[in-house]
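**Student:** One structure is given below, represented as structure tokens, and several questions about it will come after.
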Amino acid sequence: MKKILLLCALLLGGCVGRPENIEPVRPFDSARYVGKWYEIARLDHSFERGLSHVSASYSLRGDGGLAVVNRGYKDADARWKEALGKAYFVGAPDQGYLKVSFFGPFYGAYIVFDLDERDYSYSMVSGPDKSYLWLLSRSPTMDAATRARLVAKAQALGFDTAKLIYVKQD
């Protein structure tokens, strides 16, 4: 029984790991991060495949975490998809390192590693490894210079930016 519990702990804990050389932003203010974010670009994963007009809305939870509502339009089915989740800080609450769950007890890493410190107008997020990457903006578009700078940073950190999907938001 102990081996099974240890295996479960390793599997669940591994999902909130942090990729090599990806550092969460600090200071991070969850009260400023709440609200709606538009997905500008992402690396492809099955849970978002075929979605356009993707957004994520965050709000504060009473237990110190964040409520998450991810929404996107499934073009092939001509319908909206929505996923409700929750996120909690992995370490200190002033660090952009959270674990997020949309499926019961299973959590994945959500690491904010670049953030517009002044206005919180853009954010760049990694998952537990470098196959997960999101460029987010407070508006449905991002100016070309900022987008190019963020993509160059992600590439320099080892993300395969040639595979980025630029999300239709119009």
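Chain labels run A, B, ... following the order of the structure tokens; each chain numbers its residues from 1, and ligands are numbered from 1 in the order shown.
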Could you pull out the alpha helix (DSSP H) residues of segment 27-68 of chain A from DSSP and send them as a PyMOL selection string?

**Tutor:** chain A and resi 30-33

**Student:** A:Lys74, A:Lys86, A:Lys36, A:Lys130: which is nearest Ile22 of chain A, counting only C-alpha atoms?

**Tutor:** A:Lys130

**Student:** So which residues touch segment 160-162 of chain A within 10 Å, counting only C-alpha atoms, skipping near sequence neighbours fewer than 3 positions away, as a ChimeraX atom specification?

**Tutor:** /A:41-43,130-133,151-157,165

**Student:** Write down as a list in words the residues of segment 127-170 of chain A whose backbone DSSP state falls under strand (DSSP E).

**Tutor:**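 Across segment 127-170 of chain A, those assigned strand (DSSP E) are Leu133, Trp134, Leu135, Leu136, Ser137, Ile165 and Tyr166 of chain A.
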
**Student:** Next, write the just-selected residues to a file, as a PDB file, in the first residue's frame, keeping N, CA and C atoms as the atom set.

**Tutor:**
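Saved to part.pdb:
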ATOM      1  N   LEU A 133       3.004  26.385 -23.256  1.00  0.00           N
ATOM      2  CA  LEU A 133       3.343  27.810 -23.299  1.00  0.00           C
ATOM      3  C   LEU A 133       2.117  28.594 -23.743  1.00  0.00           C
ATOM      4  N   TRP A 134       1.854  29.683 -23.019  1.00  0.00           N
ATOM      5  CA  TRP A 134       0.762  30.589 -23.382  1.00  0.00           C
ATOM      6  C   TRP A 134       1.260  32.021 -23.311  1.00  0.00           C
ATOM      7  N   LEU A 135       0.902  32.820 -24.323  1.00  0.00           N
ATOM      8  CA  LEU A 135       1.094  34.265 -24.309  1.00  0.00           C
ATOM      9  C   LEU A 135      -0.293  34.859 -24.120  1.00  0.00           C
ATOM     10  N   LEU A 136      -0.458  35.634 -23.064  1.00  0.00           N
ATOM     11  CA  LEU A 136      -1.753  36.195 -22.707  1.00  0.00           C
ATOM     12  C   LEU A 136      -1.705  37.710 -22.713  1.00  0.00           C
ATOM     13  N   SER A 137      -2.859  38.305 -22.978  1.00  0.00           N
ATOM     14  CA  SER A 137      -2.969  39.757 -23.015  1.00  0.00           C
ATOM     15  C   SER A 137      -4.312  40.173 -22.440  1.00  0.00           C
ATOM     16  N   ILE A 165       0.755  28.442 -31.989  1.00  0.00           N
ATOM     17  CA  ILE A 165      -0.514  28.683 -32.673  1.00  0.00           C
ATOM     18  C   ILE A 165      -0.955  30.083 -32.260  1.00  0.00           C
ATOM     19  N   TYR A 166      -1.149  30.950 -33.244  1.00  0.00           N
ATOM     20  CA  TYR A 166      -1.618  32.306 -32.953  1.00  0.00           C
ATOM     21  C   TYR A 166      -3.148  32.266 -33.020  1.00  0.00           C
TER      22      TYR A 166
END

**Student:** Counting only C-alpha atoms, which residue out of A:Arg26, A:Arg32, A:Arg18, A:Arg71 sits closest to Ala92 of chain A?

**Tutor:**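 Result for the nearest residue to Ala92 of chain A: A:Arg26.
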